[in-house]
Amino acid sequence: MFKILKYSFYDLMRSSWSYVYFLFYLGLGSVLLFLNNDVSKAVITLMNIIVVLTPLIGTIFGVMYYYNSREFTELLLAQPLKRSTIFIGQYLGVAISLAMSLVIGLGIPFFAYGLLQSTEIFNFLSLIIVGTFLTFIFTALAFNIALSNENKIKGFGYAILLWLFLAVIYDGLFLISLVVFQDYPLDKLSLTATMFNPIDLSRILILLKLDISALLGYTGAIFQQFFGTNLGMISSLAALLIWVIFPVYRIYKKSAKKDF
Amino acid sequence: MIEIKNLHKKFGKVEVLKDLNLSISSKATNGAIFAVLGPNGSGKTTLIKSILGMVIPNQGQIEINGQSVLKKYHYRNDINYLPQIANFPSNLSVKELIKMVKNLRPKPASDKNFIQLFGLEPFLDKKLGNLSGGTKQKVNILLTFMFDCELIILDEPTTGLDPLSLINLKKIIIAEKQKGKTILITSHIMSFVEEMADEIVFLLDGKIYFKGTLDAIKKETQQTDLAHAIATILTKEHV
């Protein structure tokens, strides 16, 4: 698996897209920190960008990489390798290279700003952790979609729809349901609903860490009330972890049965 | 060498292989070239991919040297496979790709001879994404033949090759045969098949319609060349 991972990783590290992605975070981080001069505000702005952008990039790169490397995958399938080795290796190659662009791209400006001397380091870390989780989750989801759809256009369509649904539509539906059912107790519903959306989970995780109750929103407030800050963070992290494990397991299962 | 029994494969509602039985073995140590022929959609590629474990059959058995290969992967170490379309990661160089495939297979490789034969030296440091179709196919052929394996499977090997490389390819195939290898080839170019193959396996509607020597198929259809013999079978079947 590490051999496949290594080559997928090298392959992506040399594509200009990885650099564009890296430079984007580098530029964004620098601008926000050095023009704003407020780490806390920079973290919040970055969070708003990261929770939307990492899923989008993870989804698109995941789907694109899978479809682009189809013939190469066939070449690998003819080698004495286990199927799960090939696909999990490729998945990790994509996810790790994307996560590295994020971590290094944001890490450089933050360290240049003197992050180590400030107390904000943990806020920054939670941002990085969430971004990495989202990258791993959405790349895995993208691989799942691509594995289930032979048709490229369909695969791309579903992947974008999934992102749009979780990043935008989900919140809308959630709000509408809160308005419609406002006469009923909604704590449990909103808690569960949050668990089913990794983007919401990540947002809450960071906001709990930053402890800005005004920005928490309804779900966040309930989350904090229900779990308290620490337990809330641990449970949302655990939920994110499940969000990684489940799609990866499905890649494993699906790839074993697929015809090429 | 290869024993296929009652092989069934469906893609959705389309039944591609219907109870296919096939036994392929080269006599003694002579080596042999088997051409798998058939009209488009007759299941040639599906058959080959089933042997390689890339397509998972719904039913049936595939044995190589007496051992079932379904759901296994180690056996592929003893098969060389040339896929139909050559497409590689565009950001790797030719050299790196060769190194990688060597790295994935724990056996000695003779890549140097083939690099020389196909004149690939100037391309070694080029990215695979910048190569022409024919050069990619040469790399593909190099990757296939650099290992020493008992069984060689070639899916449309002539695609995109210039005449010189085609001659080289034929030489390689004949040399491999003389080493006692079993070689399976699919091709639509009948002159190539006629020149190379010892035996024909003719697939029609997911079954083996004919298996035998070139002479036998010509005799059976009362034709003098292979292309017409195949055409005769097809028109007879479809009337």
# chains A, B, ... in the order shown; residues from 1 in each chain; ligands from 1

$ interface_residues --of "chain A" --to "chain B" --cutoff "10 Å" --atoms "only C-alpha atoms" --output "PyMOL selection string"
chain A and resi 3-4+6-8+10-16+65+68-83+256-260

$ residues_around --residues "B:Ala231" --least-positions-apart "6" --cutoff "12 Å" --atoms "only C-alpha atoms" --output "PyMOL selection string"
chain B and resi 37-39+190+202+217-218+221-225+237-238

$ select_by_dssp --residues "stretch 143-194 of chain B" --states "alpha helix (DSSP H)" --output "PyMOL selection string"
chain B and resi 143-145+163-178+190-194

$ select_by_dssp --residues "stretch 3-234 of chain B" --states "strand (DSSP E)" --output "PyMOL selection string"
chain B and resi 3-11+14-24+32-37+59-64+67-68+79-82+151-155+182-186+199-204+207-213

$ write_last_selection --atoms "C-alpha atoms" --output "tab-separated table (two decimals), in the first residue's frame"
chain	number	residue	atom	x	y	z
B	3	GLU	CA	-8.63	-24.17	-17.29
B	4	ILE	CA	-11.89	-22.27	-17.46
B	5	LYS	CA	-15.06	-24.02	-16.45
B	6	ASN	CA	-18.69	-22.82	-16.71
B	7	LEU	CA	-17.77	-19.17	-16.67
B	8	HIS	CA	-20.71	-16.75	-16.47
B	9	LYS	CA	-20.54	-12.99	-16.43
B	10	LYS	CA	-23.33	-10.44	-16.60
B	11	PHE	CA	-22.97	-6.69	-16.83
B	14	VAL	CA	-26.28	-8.05	-20.63
B	15	GLU	CA	-24.95	-11.55	-20.39
B	16	VAL	CA	-21.44	-11.32	-21.82
B	17	LEU	CA	-20.07	-14.75	-21.00
B	18	LYS	CA	-22.51	-17.65	-21.06
B	19	ASP	CA	-21.22	-20.87	-19.63
B	20	LEU	CA	-17.80	-20.56	-21.24
B	21	ASN	CA	-15.45	-23.53	-21.10
B	22	LEU	CA	-11.89	-23.26	-22.31
B	23	SER	CA	-8.67	-25.09	-21.83
B	24	ILE	CA	-5.43	-23.56	-22.98
B	32	ALA	CA	2.23	-21.42	-28.34
B	33	ILE	CA	0.39	-18.33	-29.46
B	34	PHE	CA	-3.37	-18.34	-29.06
B	35	ALA	CA	-5.41	-15.69	-30.80
B	36	VAL	CA	-8.71	-14.85	-29.14
B	37	LEU	CA	-10.98	-13.58	-31.89
B	59	GLN	CA	-20.18	-18.09	-11.66
B	60	GLY	CA	-17.55	-20.59	-12.73
B	61	GLN	CA	-13.98	-21.57	-12.11
B	62	ILE	CA	-10.67	-20.34	-13.46
B	63	GLU	CA	-7.58	-22.36	-12.75
B	64	ILE	CA	-4.01	-21.64	-13.72
B	67	GLN	CA	-4.88	-23.69	-8.82
B	68	SER	CA	-8.00	-21.54	-8.60
B	79	ILE	CA	1.39	-13.17	-15.85
B	80	ASN	CA	2.43	-10.37	-18.18
B	81	TYR	CA	-0.49	-8.29	-19.36
B	82	LEU	CA	-0.60	-5.63	-22.05
B	151	LEU	CA	1.85	-16.60	-19.43
B	152	ILE	CA	1.62	-13.46	-21.57
B	153	ILE	CA	-1.68	-11.78	-22.36
B	154	LEU	CA	-1.80	-9.09	-25.03
B	155	ASP	CA	-4.95	-7.04	-25.62
B	182	THR	CA	2.02	-19.39	-23.62
B	183	ILE	CA	0.80	-16.22	-25.29
B	184	LEU	CA	-2.79	-15.03	-25.59
B	185	ILE	CA	-3.49	-12.28	-28.10
B	186	THR	CA	-6.67	-10.44	-29.03
B	199	GLU	CA	-4.35	-21.60	-32.60
B	200	ILE	CA	-7.56	-19.64	-32.87
B	201	VAL	CA	-10.13	-19.32	-30.13
B	202	PHE	CA	-13.24	-17.86	-31.67
B	203	LEU	CA	-15.76	-16.30	-29.33
B	204	LEU	CA	-19.33	-15.67	-30.33
B	207	LYS	CA	-19.30	-18.87	-25.85
B	208	ILE	CA	-16.39	-20.56	-27.54
B	209	TYR	CA	-17.63	-21.08	-31.05
B	210	PHE	CA	-14.47	-22.56	-32.44
B	211	LYS	CA	-11.10	-23.63	-31.09
B	212	GLY	CA	-8.42	-25.06	-33.31
B	213	THR	CA	-5.61	-24.35	-35.70

$ atom_distance --atom1 "atom CA of A:Leu23" --atom2 "atom CA of A:Gly157"
27.1 Å

$ decode --residues "stretch 116-218 of chain A" --atoms "C-alpha atoms" --output "CSV table (one decimal), in the first residue's frame"
chain,number,residue,atom,x,y,z
A,116,LEU,CA,4.5,29.9,18.9
A,117,GLN,CA,4.7,32.9,21.3
A,118,SER,CA,0.9,33.4,21.4
A,119,THR,CA,-1.8,31.3,23.1
A,120,GLU,CA,-3.6,31.0,19.8
A,121,ILE,CA,-1.6,27.9,18.8
A,122,PHE,CA,-4.4,25.6,19.9
A,123,ASN,CA,-7.0,27.5,17.9
A,124,PHE,CA,-4.7,27.2,14.9
A,125,LEU,CA,-4.2,23.5,15.5
A,126,SER,CA,-7.9,22.9,15.7
A,127,LEU,CA,-8.3,24.7,12.4
A,128,ILE,CA,-5.7,22.5,10.8
A,129,ILE,CA,-7.1,19.3,12.3
A,130,VAL,CA,-10.6,20.2,11.1
A,131,GLY,CA,-9.3,21.0,7.6
A,132,THR,CA,-7.4,17.8,7.4
A,133,PHE,CA,-10.4,15.8,8.6
A,134,LEU,CA,-12.6,17.4,6.0
A,135,THR,CA,-10.1,16.7,3.3
A,136,PHE,CA,-9.9,13.0,4.3
A,137,ILE,CA,-13.7,12.8,4.6
A,138,PHE,CA,-14.6,14.4,1.3
A,139,THR,CA,-11.8,12.7,-0.7
A,140,ALA,CA,-13.2,9.4,0.6
A,141,LEU,CA,-16.7,10.3,-0.3
A,142,ALA,CA,-15.5,11.3,-3.8
A,143,PHE,CA,-13.7,8.0,-4.2
A,144,ASN,CA,-17.0,6.3,-3.2
A,145,ILE,CA,-18.9,8.2,-5.8
A,146,ALA,CA,-16.4,7.6,-8.5
A,147,LEU,CA,-16.2,3.9,-7.7
A,148,SER,CA,-20.0,3.6,-8.0
A,149,ASN,CA,-20.3,5.6,-11.3
A,150,GLU,CA,-18.7,4.5,-14.5
A,151,ASN,CA,-19.8,7.7,-16.2
A,152,LYS,CA,-17.4,10.6,-15.6
A,153,ILE,CA,-20.0,13.3,-16.0
A,154,LYS,CA,-22.4,11.6,-13.7
A,155,GLY,CA,-19.7,11.1,-11.1
A,156,PHE,CA,-18.7,14.7,-11.2
A,157,GLY,CA,-22.3,15.8,-11.0
A,158,TYR,CA,-23.0,13.7,-8.0
A,159,ALA,CA,-19.8,14.8,-6.3
A,160,ILE,CA,-20.6,18.5,-6.8
A,161,LEU,CA,-24.2,17.9,-5.6
A,162,LEU,CA,-23.0,16.1,-2.5
A,163,TRP,CA,-20.7,19.1,-1.7
A,164,LEU,CA,-23.5,21.6,-2.5
A,165,PHE,CA,-25.9,19.6,-0.3
A,166,LEU,CA,-23.7,19.3,2.7
A,167,ALA,CA,-22.2,22.8,2.5
A,168,VAL,CA,-25.3,24.9,1.6
A,169,ILE,CA,-28.6,23.1,1.2
A,170,TYR,CA,-28.4,21.1,4.4
A,171,ASP,CA,-28.2,24.2,6.5
A,172,GLY,CA,-31.1,25.7,4.6
A,173,LEU,CA,-33.3,22.6,5.1
A,174,PHE,CA,-32.3,22.5,8.7
A,175,LEU,CA,-33.3,26.1,9.3
A,176,ILE,CA,-36.6,25.6,7.5
A,177,SER,CA,-37.3,22.5,9.7
A,178,LEU,CA,-36.5,24.6,12.8
A,179,VAL,CA,-38.9,27.3,11.8
A,180,VAL,CA,-41.7,24.8,10.8
A,181,PHE,CA,-41.4,22.7,13.9
A,182,GLN,CA,-40.7,25.5,16.3
A,183,ASP,CA,-43.5,24.5,18.6
A,184,TYR,CA,-41.8,21.2,19.4
A,185,PRO,CA,-38.6,20.5,21.3
A,186,LEU,CA,-35.8,20.3,18.8
A,187,ASP,CA,-32.7,19.7,20.8
A,188,LYS,CA,-32.3,16.0,19.9
A,189,LEU,CA,-33.2,16.6,16.3
A,190,SER,CA,-30.6,19.3,15.8
A,191,LEU,CA,-28.0,17.3,17.6
A,192,THR,CA,-28.5,14.3,15.3
A,193,ALA,CA,-28.8,16.5,12.3
A,194,THR,CA,-25.4,18.0,13.0
A,195,MET,CA,-23.8,14.6,13.4
A,196,PHE,CA,-24.9,13.8,9.9
A,197,ASN,CA,-23.1,16.7,8.3
A,198,PRO,CA,-19.3,16.8,8.7
A,199,ILE,CA,-19.2,20.4,7.6
A,200,ASP,CA,-21.5,21.5,10.5
A,201,LEU,CA,-19.5,19.3,12.8
A,202,SER,CA,-16.3,21.0,11.9
A,203,ARG,CA,-17.7,24.4,12.3
A,204,ILE,CA,-19.0,23.6,15.7
A,205,LEU,CA,-15.7,22.0,16.7
A,206,ILE,CA,-13.8,25.2,15.9
A,207,LEU,CA,-16.3,27.5,17.4
A,208,LEU,CA,-16.4,25.4,20.6
A,209,LYS,CA,-12.6,25.7,20.7
A,210,LEU,CA,-12.7,29.4,20.1
A,211,ASP,CA,-15.5,29.8,22.7
A,212,ILE,CA,-17.4,32.4,20.8
A,213,SER,CA,-20.9,31.7,21.8
A,214,ALA,CA,-22.4,34.5,19.6
A,215,LEU,CA,-21.2,32.6,16.5
A,216,LEU,CA,-22.2,29.2,17.6
A,217,GLY,CA,-25.8,29.4,16.3
A,218,TYR,CA,-28.6,27.2,17.4
